[in-house]
Structures are given as structure tokens and as C-alpha cells.
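Visitor: Next comes target-v2.txt, compact mmCIF, C-alpha atoms:
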# COMPACT_ATOMS: atom_id res chain seq x y z
CA MET A 1 -35.21 -39.95 -21.61
CA PHE A 2 -35.90 -41.73 -24.91
CA TYR A 3 -38.70 -39.26 -25.85
CA ASN A 4 -36.35 -36.28 -25.67
CA LEU A 5 -33.76 -38.11 -27.76
CA ILE A 6 -36.40 -38.70 -30.43
CA ILE A 7 -37.39 -35.02 -30.34
CA TYR A 8 -33.81 -33.86 -30.85
CA LEU A 9 -33.29 -36.33 -33.70
CA TYR A 10 -36.53 -35.09 -35.24
CA LEU A 11 -35.33 -31.50 -34.85
CA LEU A 12 -32.12 -32.38 -36.69
CA GLY A 13 -34.09 -34.11 -39.43
CA VAL A 14 -36.37 -31.10 -39.89
CA ALA A 15 -33.39 -28.76 -40.10
CA ILE A 16 -31.84 -30.87 -42.86
CA TYR A 17 -35.04 -31.62 -44.77
CA SER A 18 -36.08 -27.96 -44.70
CA ARG A 19 -33.38 -27.29 -47.28
CA PHE A 20 -35.25 -29.42 -49.80
CA ASN A 21 -38.97 -29.09 -48.94
CA GLU A 22 -40.93 -25.83 -48.92
CA LYS A 23 -43.56 -27.01 -46.43
CA VAL A 24 -40.94 -28.21 -43.94
CA ARG A 25 -38.99 -25.00 -44.48
CA LYS A 26 -42.05 -22.93 -43.53
CA MET A 27 -42.50 -25.00 -40.37
CA TRP A 28 -38.80 -24.69 -39.46
CA ARG A 29 -38.83 -20.92 -39.90
CA GLY A 30 -42.18 -20.54 -38.16
CA GLU A 31 -41.07 -22.39 -35.06
CA ARG A 32 -37.97 -20.24 -34.79
CA GLU A 33 -40.02 -17.06 -35.26
CA ALA A 34 -42.61 -18.05 -32.65
CA PHE A 35 -40.74 -16.55 -29.71
CA LYS A 36 -40.28 -13.29 -31.61
CA ILE A 37 -44.04 -13.12 -32.19
CA LEU A 38 -44.69 -13.81 -28.52
CA ARG A 39 -42.23 -11.15 -27.33
CA GLU A 40 -43.93 -8.58 -29.54
CA LYS A 41 -47.55 -9.44 -28.84
CA VAL A 42 -47.93 -10.91 -25.36
CA ASP A 43 -49.63 -8.61 -22.88
CA PRO A 44 -48.10 -9.46 -19.48
CA GLN A 45 -51.24 -8.25 -17.70
CA ALA A 46 -53.63 -10.42 -19.72
CA LYS A 47 -55.04 -13.83 -18.89
CA TYR A 48 -54.41 -16.18 -21.81
CA VAL A 49 -56.30 -19.33 -22.73
CA TRP A 50 -54.10 -21.46 -24.96
CA PHE A 51 -55.55 -23.56 -27.79
CA HIS A 52 -53.23 -25.91 -29.69
CA ALA A 53 -54.21 -27.55 -32.98
CA ALA A 54 -51.86 -29.65 -35.07
CA SER A 55 -53.31 -28.61 -38.39
CA LEU A 56 -56.35 -27.17 -40.15
CA GLY A 57 -58.71 -30.02 -39.32
CA GLU A 58 -58.00 -29.77 -35.60
CA PHE A 59 -58.38 -26.00 -35.80
CA GLU A 60 -61.90 -26.45 -37.16
CA GLN A 61 -62.66 -28.71 -34.19
CA GLY A 62 -61.36 -26.13 -31.72
CA ARG A 63 -62.90 -23.12 -33.44
CA PRO A 64 -66.42 -23.41 -31.93
CA LEU A 65 -64.83 -23.48 -28.46
CA MET A 66 -62.67 -20.44 -29.12
CA GLU A 67 -65.54 -18.43 -30.53
CA GLN A 68 -68.00 -19.27 -27.76
CA LEU A 69 -65.35 -18.59 -25.13
CA ARG A 70 -64.60 -15.23 -26.73
CA ARG A 71 -68.30 -14.28 -26.79
CA GLU A 72 -69.08 -15.33 -23.24
CA HIS A 73 -65.77 -14.48 -21.52
CA PRO A 74 -64.14 -11.44 -23.16
CA GLU A 75 -61.92 -11.07 -20.08
CA TYR A 76 -59.66 -13.78 -21.54
CA LYS A 77 -57.29 -13.46 -24.47
CA ILE A 78 -56.73 -16.39 -26.79
CA LEU A 79 -53.42 -17.82 -27.95
CA LEU A 80 -53.67 -20.22 -30.90
CA THR A 81 -50.72 -22.39 -31.92
CA PHE A 82 -50.23 -24.78 -34.84
CA PHE A 83 -47.74 -27.52 -35.58
CA SER A 84 -48.29 -27.84 -39.34
CA PRO A 85 -47.98 -25.19 -42.06
CA SER A 86 -51.25 -26.44 -43.55
CA GLY A 87 -52.97 -25.02 -40.49
CA TYR A 88 -50.86 -21.94 -39.75
CA GLU A 89 -50.53 -20.65 -43.30
CA VAL A 90 -54.30 -20.83 -43.87
CA ARG A 91 -55.39 -19.39 -40.50
CA LYS A 92 -52.55 -17.10 -39.45
CA ASN A 93 -54.89 -14.10 -39.84
CA TYR A 94 -57.85 -15.67 -38.01
CA GLU A 95 -59.60 -12.90 -36.11
CA GLY A 96 -60.86 -15.14 -33.33
CA ALA A 97 -57.47 -15.32 -31.60
CA ASP A 98 -55.29 -12.56 -30.16
CA ILE A 99 -51.97 -14.27 -30.94
CA ILE A 100 -51.31 -16.96 -33.56
CA CYS A 101 -47.98 -18.71 -34.04
CA TYR A 102 -46.31 -22.07 -34.53
CA LEU A 103 -45.69 -24.19 -31.45
CA PRO A 104 -41.92 -24.51 -30.90
CA LEU A 105 -40.85 -28.13 -30.90
CA ASP A 106 -41.34 -29.97 -27.61
CA THR A 107 -37.88 -29.73 -26.07
CA ILE A 108 -37.63 -29.03 -22.35
CA THR A 109 -35.97 -25.65 -23.02
CA ASN A 110 -38.61 -24.58 -25.54
CA ALA A 111 -41.48 -25.68 -23.32
CA ARG A 112 -40.16 -23.79 -20.29
CA ARG A 113 -39.47 -20.64 -22.29
CA PHE A 114 -42.84 -20.75 -24.06
CA LEU A 115 -44.87 -21.24 -20.89
CA ARG A 116 -42.85 -18.67 -18.96
CA THR A 117 -43.70 -16.14 -21.68
CA ILE A 118 -47.42 -16.90 -21.95
CA ARG A 119 -48.33 -18.05 -18.44
CA PRO A 120 -51.67 -19.49 -19.63
CA VAL A 121 -54.52 -19.83 -17.15
CA MET A 122 -55.74 -22.96 -18.97
CA ALA A 123 -54.97 -24.93 -22.12
CA PHE A 124 -56.99 -26.89 -24.68
CA PHE A 125 -55.25 -29.52 -26.80
CA ILE A 126 -57.36 -30.62 -29.76
CA LYS A 127 -57.73 -34.32 -30.63
CA TYR A 128 -54.32 -36.04 -31.05
CA GLU A 129 -51.96 -33.62 -29.32
CA PHE A 130 -49.85 -35.13 -26.53
CA TRP A 131 -46.63 -33.12 -26.17
CA TYR A 132 -44.78 -34.66 -23.22
CA ASN A 133 -42.68 -31.72 -21.99
CA TYR A 134 -45.31 -29.02 -22.43
CA LEU A 135 -47.90 -31.12 -20.64
CA HIS A 136 -45.67 -32.08 -17.72
CA ILE A 137 -44.65 -28.47 -17.12
CA LEU A 138 -48.28 -27.33 -17.32
CA LYS A 139 -49.20 -29.93 -14.72
CA HIS A 140 -46.28 -28.92 -12.50
CA ARG A 141 -47.50 -25.31 -12.65
CA GLY A 142 -51.06 -26.31 -11.78
CA VAL A 143 -52.53 -25.13 -15.10
CA PRO A 144 -55.77 -26.94 -16.06
CA VAL A 145 -55.35 -28.79 -19.37
CA TYR A 146 -58.20 -30.25 -21.41
CA SER A 147 -58.16 -32.71 -24.30
CA VAL A 148 -61.04 -31.97 -26.67
CA SER A 149 -62.62 -34.22 -29.33
CA SER A 150 -59.99 -36.84 -28.60
CA ILE A 151 -60.51 -40.41 -29.67
CA PHE A 152 -58.59 -43.50 -28.55
CA ARG A 153 -58.11 -46.95 -30.10
CA PRO A 154 -56.58 -50.16 -28.70
CA GLU A 155 -53.67 -50.05 -31.17
CA GLN A 156 -52.39 -46.71 -29.89
CA VAL A 157 -49.07 -46.68 -28.05
CA PHE A 158 -50.65 -45.66 -24.71
CA PHE A 159 -52.26 -49.09 -24.40
CA LYS A 160 -49.22 -51.22 -25.30
CA TRP A 161 -46.71 -52.56 -22.78
CA TYR A 162 -43.88 -50.70 -24.50
CA GLY A 163 -45.76 -47.41 -24.35
CA ARG A 164 -46.34 -47.24 -20.61
CA GLN A 165 -43.68 -44.65 -19.92
CA TYR A 166 -44.85 -42.29 -22.64
CA GLY A 167 -48.45 -43.07 -21.64
CA ARG A 168 -47.89 -41.19 -18.40
CA VAL A 169 -48.38 -38.03 -20.42
CA LEU A 170 -52.13 -38.71 -20.27
CA ASN A 171 -52.05 -38.17 -16.49
CA CYS A 172 -51.18 -34.53 -17.15
CA PHE A 173 -54.67 -33.74 -18.43
CA THR A 174 -57.26 -32.32 -16.08
CA HIS A 175 -60.11 -33.79 -18.12
CA PHE A 176 -60.70 -35.61 -21.39
CA PHE A 177 -63.70 -34.75 -23.57
CA VAL A 178 -63.78 -37.77 -25.86
CA GLN A 179 -65.84 -38.70 -28.89
CA ASN A 180 -67.08 -42.16 -27.92
CA GLU A 181 -67.57 -44.75 -25.18
CA MET A 182 -64.69 -46.92 -26.40
CA SER A 183 -62.27 -44.08 -25.70
CA LYS A 184 -63.64 -43.73 -22.18
CA GLU A 185 -63.33 -47.47 -21.54
CA LEU A 186 -59.74 -47.61 -22.84
CA LEU A 187 -58.68 -44.72 -20.63
CA ALA A 188 -60.35 -46.34 -17.62
CA LYS A 189 -58.22 -49.47 -18.15
CA ILE A 190 -55.08 -47.43 -17.52
CA GLY A 191 -56.55 -45.63 -14.52
CA ILE A 192 -57.79 -42.41 -16.12
CA THR A 193 -61.35 -41.62 -15.09
CA ALA A 194 -61.67 -37.84 -15.55
CA VAL A 195 -63.40 -38.44 -18.84
CA SER A 196 -66.66 -37.26 -20.43
CA VAL A 197 -68.16 -38.55 -23.66
CA VAL A 198 -69.37 -35.39 -25.43
CA GLY A 199 -68.92 -36.19 -29.12
CA ASP A 200 -67.07 -34.18 -31.73
CA THR A 201 -67.09 -30.38 -31.89
CA ARG A 202 -66.86 -30.62 -35.69
CA PHE A 203 -70.62 -31.23 -35.78
CA ASP A 204 -71.11 -27.81 -34.19
CA ARG A 205 -68.62 -26.29 -36.59
CA VAL A 206 -70.27 -27.54 -39.79
CA LEU A 207 -73.63 -26.23 -38.57
CA GLN A 208 -71.98 -22.83 -38.03
CA ILE A 209 -70.53 -23.01 -41.54
CA LYS A 210 -73.93 -23.85 -42.97
CA GLU A 211 -75.51 -20.83 -41.29
CA ALA A 212 -72.78 -18.54 -42.64
CA ALA A 213 -72.62 -20.10 -46.12
CA LYS A 214 -71.88 -17.80 -49.03
CA GLN A 215 -74.08 -17.31 -52.05
CA LEU A 216 -71.84 -17.98 -55.03
CA GLN A 217 -73.14 -16.32 -58.16
CA ILE A 218 -70.83 -18.21 -60.50
CA VAL A 219 -71.99 -21.54 -59.08
CA GLU A 220 -75.64 -20.50 -59.28
CA THR A 221 -75.22 -19.46 -62.92
CA PHE A 222 -73.54 -22.80 -63.62
CA LYS A 223 -76.16 -24.92 -61.86
CA GLN A 224 -79.43 -23.31 -62.97
CA ASP A 225 -82.00 -26.15 -62.89
CA ALA A 226 -79.57 -29.01 -63.49
CA ASN A 227 -78.74 -31.91 -61.21
CA VAL A 228 -75.22 -31.46 -59.87
CA PHE A 229 -72.68 -33.90 -58.44
CA VAL A 230 -70.14 -32.14 -56.19
CA ALA A 231 -66.75 -33.79 -55.68
CA GLY A 232 -64.76 -32.18 -52.88
CA SER A 233 -61.10 -32.64 -51.89
CA SER A 234 -60.62 -35.13 -54.70
CA TRP A 235 -57.39 -36.91 -55.60
CA PRO A 236 -56.52 -38.65 -58.90
CA PRO A 237 -57.71 -42.12 -57.73
CA ASP A 238 -61.09 -40.57 -56.88
CA GLU A 239 -61.32 -38.69 -60.17
CA GLU A 240 -60.50 -41.82 -62.17
CA ILE A 241 -63.71 -43.36 -60.79
CA PHE A 242 -66.38 -40.66 -60.73
CA ILE A 243 -65.38 -38.75 -63.89
CA PRO A 244 -65.87 -41.72 -66.27
CA TYR A 245 -69.33 -42.26 -64.81
CA PHE A 246 -70.39 -38.70 -65.58
CA ASN A 247 -68.83 -38.87 -69.01
CA GLU A 248 -71.58 -41.42 -69.67
CA HIS A 249 -74.33 -39.50 -67.81
CA ARG A 250 -74.12 -36.11 -69.44
CA ASP A 251 -77.49 -34.92 -68.20
CA TRP A 252 -75.78 -34.24 -64.84
CA LYS A 253 -73.41 -31.37 -64.24
CA LEU A 254 -70.21 -31.85 -62.28
CA ILE A 255 -68.37 -29.60 -59.83
CA ILE A 256 -64.85 -30.71 -58.91
CA ALA A 257 -62.90 -29.07 -56.07
CA PRO A 258 -59.58 -30.97 -56.07
CA HIS A 259 -57.51 -31.25 -52.92
CA VAL A 260 -54.35 -30.27 -54.75
CA ILE A 261 -54.70 -27.19 -56.94
CA GLY A 262 -51.81 -27.21 -59.35
CA GLU A 263 -51.70 -26.77 -63.09
CA ASP A 264 -50.54 -30.35 -63.74
CA HIS A 265 -53.41 -31.78 -61.69
CA LEU A 266 -55.99 -29.46 -63.25
CA LYS A 267 -54.88 -30.47 -66.74
CA GLN A 268 -55.05 -34.12 -65.72
CA ILE A 269 -58.67 -33.63 -64.64
CA GLU A 270 -59.56 -31.83 -67.86
CA LYS A 271 -58.00 -34.63 -69.91
CA LEU A 272 -60.27 -37.18 -68.18
CA LEU A 273 -63.39 -35.18 -69.07
CA GLU A 274 -63.49 -36.35 -72.71
CA GLY A 275 -64.52 -33.21 -74.50
CA ARG A 276 -67.06 -31.95 -71.98
CA ARG A 277 -67.43 -28.18 -71.69
CA VAL A 278 -65.24 -27.16 -68.76
CA VAL A 279 -64.81 -23.81 -67.03
CA ARG A 280 -62.45 -23.00 -64.17
CA TYR A 281 -63.86 -20.91 -61.34
CA THR A 282 -61.16 -18.22 -61.40
CA ALA A 283 -61.48 -17.84 -65.19
CA ALA A 284 -65.30 -17.77 -65.24
CA LYS A 285 -66.26 -14.37 -66.63
CA ASP A 286 -68.86 -14.86 -69.35
CA GLU A 287 -72.33 -15.81 -68.04
CA GLU A 288 -73.31 -17.67 -71.18
CA GLU A 289 -70.13 -19.74 -71.11
CA ILE A 290 -70.68 -20.55 -67.42
CA SER A 291 -74.33 -21.52 -67.90
CA LYS A 292 -73.54 -23.81 -70.84
CA ALA A 293 -70.60 -25.54 -69.15
CA ASP A 294 -70.92 -29.18 -68.09
CA VAL A 295 -68.13 -29.08 -65.51
CA LEU A 296 -67.01 -26.37 -63.10
CA ILE A 297 -63.52 -26.85 -61.62
CA ILE A 298 -62.89 -24.97 -58.38
CA ASP A 299 -59.28 -23.85 -58.72
CA CYS A 300 -59.12 -21.82 -55.48
CA PHE A 301 -59.55 -22.42 -51.76
CA GLY A 302 -62.20 -21.44 -49.22
CA LEU A 303 -65.40 -22.19 -51.13
CA LEU A 304 -65.99 -25.93 -50.79
CA SER A 305 -68.16 -25.89 -47.66
CA SER A 306 -70.59 -23.50 -49.40
CA ILE A 307 -70.42 -25.31 -52.75
CA TYR A 308 -71.81 -28.56 -51.32
CA HIS A 309 -75.11 -26.68 -50.97
CA TYR A 310 -75.53 -26.73 -54.76
CA GLY A 311 -75.26 -30.51 -55.14
CA GLU A 312 -77.81 -33.30 -55.18
CA ILE A 313 -75.07 -35.84 -54.37
CA ALA A 314 -71.61 -35.29 -52.86
CA TYR A 315 -68.32 -37.12 -53.06
CA VAL A 316 -65.53 -36.56 -50.51
CA GLY A 317 -62.06 -37.60 -51.61
CA GLY A 318 -59.08 -39.16 -49.91
CA GLY A 319 -60.57 -42.60 -49.33
CA PHE A 320 -58.12 -44.26 -51.68
CA GLY A 321 -55.17 -42.71 -49.83
CA VAL A 322 -54.41 -42.02 -46.19
CA GLY A 323 -58.06 -41.35 -45.37
CA ILE A 324 -61.15 -39.38 -46.32
CA HIS A 325 -61.51 -35.66 -45.82
CA ASN A 326 -64.38 -33.91 -44.02
CA VAL A 327 -67.63 -35.70 -44.87
CA LEU A 328 -69.64 -33.58 -42.44
CA GLU A 329 -69.23 -30.43 -44.56
CA ALA A 330 -71.23 -32.21 -47.26
CA ALA A 331 -73.69 -34.19 -45.12
CA VAL A 332 -74.92 -31.06 -43.29
CA TRP A 333 -76.60 -30.00 -46.57
CA ASP A 334 -78.93 -33.02 -46.60
CA VAL A 335 -77.13 -34.83 -49.42
CA PRO A 336 -75.86 -38.42 -49.53
CA VAL A 337 -72.07 -38.63 -49.42
CA PHE A 338 -69.86 -41.05 -51.36
CA PHE A 339 -66.32 -41.85 -50.20
CA GLY A 340 -63.60 -44.43 -50.77
CA PRO A 341 -62.72 -47.53 -48.73
CA ASN A 342 -60.19 -46.06 -46.28
CA ASN A 343 -62.77 -44.79 -43.80
CA GLN A 344 -62.69 -47.29 -40.91
CA LYS A 345 -60.94 -44.89 -38.53
CA PHE A 346 -63.35 -42.05 -39.26
CA GLN A 347 -66.20 -42.28 -36.79
CA GLU A 348 -68.36 -39.73 -38.63
CA ALA A 349 -68.12 -41.78 -41.84
CA GLN A 350 -69.10 -44.93 -39.99
CA GLY A 351 -72.07 -43.11 -38.51
CA LEU A 352 -73.19 -41.84 -41.90
CA LYS A 353 -72.97 -45.36 -43.33
CA ALA A 354 -75.03 -46.73 -40.45
CA VAL A 355 -77.93 -44.34 -41.09
CA GLY A 356 -77.81 -44.69 -44.89
CA GLY A 357 -76.46 -41.22 -45.58
CA GLY A 358 -72.93 -42.34 -46.44
CA ILE A 359 -71.90 -44.78 -49.16
CA ASP A 360 -68.43 -46.28 -49.45
CA PHE A 361 -67.10 -48.34 -52.33
CA GLN A 362 -63.90 -49.91 -53.65
CA THR A 363 -64.46 -50.22 -57.39
CA TYR A 364 -65.98 -48.30 -60.27
CA GLU A 365 -68.67 -50.98 -60.60
CA GLN A 366 -69.78 -50.49 -56.98
CA PHE A 367 -69.86 -46.71 -57.39
CA ALA A 368 -71.81 -46.94 -60.65
CA SER A 369 -74.31 -49.39 -59.22
CA GLN A 370 -75.23 -47.11 -56.31
CA MET A 371 -75.30 -44.03 -58.55
CA ASP A 372 -77.62 -45.84 -60.97
CA LEU A 373 -79.94 -46.58 -58.06
CA PHE A 374 -80.07 -42.93 -56.98
CA LEU A 375 -80.57 -41.67 -60.52
CA SER A 376 -83.43 -44.07 -61.14
CA ASP A 377 -85.15 -43.66 -57.75
CA LYS A 378 -85.48 -40.04 -56.59
CA GLU A 379 -87.17 -41.13 -53.36
CA LYS A 380 -84.15 -43.22 -52.32
CA LEU A 381 -81.92 -40.24 -53.10
CA LYS A 382 -84.09 -37.95 -50.97
CA VAL A 383 -84.22 -40.37 -48.02
CA ALA A 384 -80.44 -40.88 -48.06
CA GLY A 385 -79.83 -37.12 -48.09
CA GLU A 386 -82.26 -36.45 -45.26
CA SER A 387 -80.63 -39.22 -43.22
CA ALA A 388 -77.23 -37.57 -43.67
CA GLY A 389 -78.54 -34.19 -42.50
CA ARG A 390 -80.34 -35.63 -39.48
CA PHE A 391 -77.18 -37.48 -38.47
CA VAL A 392 -75.24 -34.21 -38.26
CA GLN A 393 -78.01 -32.43 -36.37
CA SER A 394 -78.37 -35.27 -33.86
CA LEU A 395 -74.73 -35.15 -32.77
CA ALA A 396 -74.31 -31.41 -32.32
CA GLY A 397 -73.77 -29.83 -28.91
CA ALA A 398 -70.27 -30.93 -27.87
CA THR A 399 -69.05 -27.34 -27.54
CA GLY A 400 -71.61 -26.45 -24.90
CA LYS A 401 -70.93 -29.64 -22.98
CA VAL A 402 -67.20 -28.91 -22.83
CA LEU A 403 -67.53 -25.29 -21.70
CA SER A 404 -70.22 -26.12 -19.13
CA HIS A 405 -67.71 -28.45 -17.45
CA VAL A 406 -64.71 -26.12 -17.58
CA LYS A 407 -64.30 -23.66 -14.71
CA LEU A 408 -63.89 -20.24 -16.26
Let me see the structure of the file written as C-alpha cells.
Guide:
Amino acid sequence: MFYNLIIYLYLLGVAIYSRFNEKVRKMWRGEREAFKILREKVDPQAKYVWFHAASLGEFEQGRPLMEQLRREHPEYKILLTFFSPSGYEVRKNYEGADIICYLPLDTITNARRFLRTIRPVMAFFIKYEFWYNYLHILKHRGVPVYSVSSIFRPEQVFFKWYGRQYGRVLNCFTHFFVQNEMSKELLAKIGITAVSVVGDTRFDRVLQIKEAAKQLQIVETFKQDANVFVAGSSWPPDEEIFIPYFNEHRDWKLIIAPHVIGEDHLKQIEKLLEGRRVVRYTAAKDEEEISKADVLIIDCFGLLSSIYHYGEIAYVGGGFGVGIHNVLEAAVWDVPVFFGPNNQKFQEAQGLKAVGGGIDFQTYEQFASQMDLFLSDKEKLKVAGESAGRFVQSLAGATGKVLSHVKL
């Protein structure tokens, strides 16, 4: 079959490329070590529920399900697998799962060996995960399989004439829990009707994060009574727009949490700041220096979702590249959220724009114009922030809808 040929060619490519790329090397080693982890940790008497997430973003979507399942049904153990190092390396010590490992590549041999070892009683695949061999073997064994927070678009291969054979993989799912009506309608056109529109579990997750947010003394010392603009997951094209604006508006403080934390990038940011007083989070020791700083650079991971709490306005990066990062982490704090133009495929960004809580732009002039409006009209700023927060609250609840449908 053509799919299996592609998988083996991909496997060969990964093996070669792993010699030159650290991220690929971690994935290559992790996949080979997965069976060792399973041999050591699997309890043959236990009933496992398998969650698979490609990367960190999908993990965050699946996390509310795992945690509610664990609370309400402790009789099950949880297996969590990742495809990407950006998910596994960050969450390999996550306490909400009993076993965490990479998912071995989707060859027939790997799939049979993996499922023979785990023998899951059910499986949850988060968002865009459609592994042909794993799913067909699960179906053959009569294991219920659920697709959660999935979203479908007409341009996807499943709905093209040349994708019909691969599209049969969708028949392996017991039920789809999709984000919107369009996804349900597209699936119906190819004969799949076991579909429920429940929304996105990320809304539940960001509300959980808000409730558990950390108090950050360094950030509080930095902010004091100032107005703060928080830029999260920023890339150089983002920074080249918002930093010049705040070089001109020095009555506002600026927190920057770049997506890539490397010395070259950090120095590039500092160079753009034109003599403003800058302190890096990990080097912030002196309270007076922190309080007098104009810019706080977050040069570590794990704090961004709590840092948005300290801002009057947020910016989420990535919109001048492959796509914006998580706008919900910012919006949940009742602040308006700026982001770049590549946001059409992000339903949450479109929703924020529709209610006035999200603002996209393409040029510095457009960004500056909207910022000028917010700075001159505090009421407009307040209304936009409240609209963002209400939007998140209104779409929560997908986790409960999924688990109420699943037979546990």
C-alpha cells in the first residue's frame, strides 16, 4: 500500500536526518526506546486508556480529559504518547499519566507490537492524529477510538478524490468530537455520522490554568502601578513591529516572552530596545533594578500563561510565520489580544475577532493605529478585554460533553 511505502521512506529520512538535527535525533531515539519503556512499566493486569498527542499543543487539549478521567475513574491507568520532541521533552514527567513515551512510527509491525503490549480498553486521538495502521488494528480488535477537538476543512486530503483510500482511516473512529458545524457537515458528506459538535477542550484548559496561576514576585515588582504590554511567544517579525511602538511610548512597560530562547535572539531583542532599561527574568535579583526597568524579558519556560495576568494588553506571536500561538491563554485574563495576519485557520482567533477581543494586523501602521485608540480611550480598552474573557467563558465545557458520551 502507498501509505506504508511513504512511512518507510519517512523512517529512512528520519534515520539519516537524525545525524544532523538534535530535535530529530531525540525523536529517533525516543521512538526506539518506547518499547523498552513499555516493557518496564506496563502492568499486565491494568486497564489502560491511551491518549495520543502529536505535540505540546495537542497535549494541552487532551489534558482536561486525562485529569477528569483520572479523578472520576481511578480504576483506569493512563498511557500518554507523543510524536514530537516538543511535546515529550516538556511533559515526559507529567504526573497525570502512568506511562509516557514516544509513539513508535506507524508501521504495521510497530502498531501490532505496541497494541499487543498495551492492550488499551479505549483510545483518544487529539485533533489531527490519523495513524492508518494503529487505527485499523484498534478497529479490528474492537477497541473504541475517539477523535477529540478535531477540526476538518474542505482542502484536507480526506475530501479529495485522490485521498479516498487514505480517507478510509476515518471509519476506524468510534466517534468524532469536533470543534464546529463545518467539520460535522464535511464528515457527513463522506458517510461519517457518529459526530458531535462539542467545541475545543482548550477552553477548559485555559480556565484551569487561570485558576492555578502562579503569583510571580519578580513580575509584580516590575509592574507596580504601570501599564504593561505582554508579548508572548514572539518571533523576530513580531518584535520588529511592537518594540518600535513602545520605544516611542515609554510610559508603558513591556514584558517579552520570546518563543525561541537563545542568546542570539535575546541580544537581537535587546538591540531593538534602543537604550531602554532591560532586565532578564533569570538574572533579576535586585528589587530596585527590577522596579526601575522598562522591559522584562522572560528567558525561561513555563511562566507565560501566568504572566498574561499582569498585562493590560497582550500580543501573541507567530502570525507572521506558520501561524499564531495560543491566544486563549491571554484572552482568559480579560485583555484584548493582538496577533499577526496568519490566523485564518485558527478558529479561536476568528472568534475573538468577531466579538472585538482580538485584533489582527499586517503592518506597523495598522498596529500603531489600534494601539493609539486603546491608549487614548480606556473604555474601549476595557470593553475589548471583557469581550475576550467572555468569549473564553462562553465556549468552555467540551471536556464534560466528551466524557458524558464515552462509555467508561
Visitor: Using only C-alpha atoms, what does the table of segment 122-152 of chain A residues within 12 Å of segment 339-360 of chain A look like, with each row giving the shortest atom pair and its distance in Å to one decimal, sorted by chain and ascending number, as a tab-separated table?
Guide:
residue	atom	partner	partner_atom	distance
A:Ser149	CA	A:Gln347	CA	11.6
A:Ser150	CA	A:Gln347	CA	11.6
A:Ile151	CA	A:Gln347	CA	9.3
A:Phe152	CA	A:Lys345	CA	10.3
Visitor: Quick one: which segment 289-384 of chain A residues come within 9 Å of segment 257-266 of chain A, and what is the nearest atom pair for each with the distance in Å to one decimal, counting all atoms listed in the file, rows ordered by chain and ascending number, as JSON lines?
Guide:
{"residue": "A:Leu296", "atom": "CA", "partner": "A:Ala257", "partner_atom": "CA", "distance": 8.6}
{"residue": "A:Ile297", "atom": "CA", "partner": "A:Ala257", "partner_atom": "CA", "distance": 6.0}
{"residue": "A:Ile298", "atom": "CA", "partner": "A:Ala257", "partner_atom": "CA", "distance": 4.7}
{"residue": "A:Asp299", "atom": "CA", "partner": "A:Ile261", "partner_atom": "CA", "distance": 5.9}
{"residue": "A:Cys300", "atom": "CA", "partner": "A:Ile261", "partner_atom": "CA", "distance": 7.1}
{"residue": "A:Phe301", "atom": "CA", "partner": "A:Ile261", "partner_atom": "CA", "distance": 8.6}
{"residue": "A:Leu303", "atom": "CA", "partner": "A:Ala257", "partner_atom": "CA", "distance": 8.8}
{"residue": "A:Leu304", "atom": "CA", "partner": "A:Ala257", "partner_atom": "CA", "distance": 6.9}
{"residue": "A:Gly317", "atom": "CA", "partner": "A:His259", "partner_atom": "CA", "distance": 7.9}
{"residue": "A:Gly318", "atom": "CA", "partner": "A:His259", "partner_atom": "CA", "distance": 8.6}
Visitor: Tell me which of A:Leu328, A:Val148, A:Val228, A:Ala293 sits closest to Ser196 of chain A, counting only C-alpha atoms.
Guide: A:Val148
Visitor: Can you tell me, as a list in words, what residues are no more than 9 Å from Pro154 of chain A when counting only C-alpha atoms, ignoring any on the same chain fewer than 4 positions away?
Guide: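 My list of contacting residues is Phe158, Phe159, Lys160, Ser183 and Leu186 of chain A.
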Visitor: For atom CA of Phe82 of chain A and atom CA of Gly62 of chain A, quote the distance in Å rounded to one decimal.
Guide: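 Atom CA of Gly62 of chain A lies 11.6 Å from atom CA of Phe82 of chain A.
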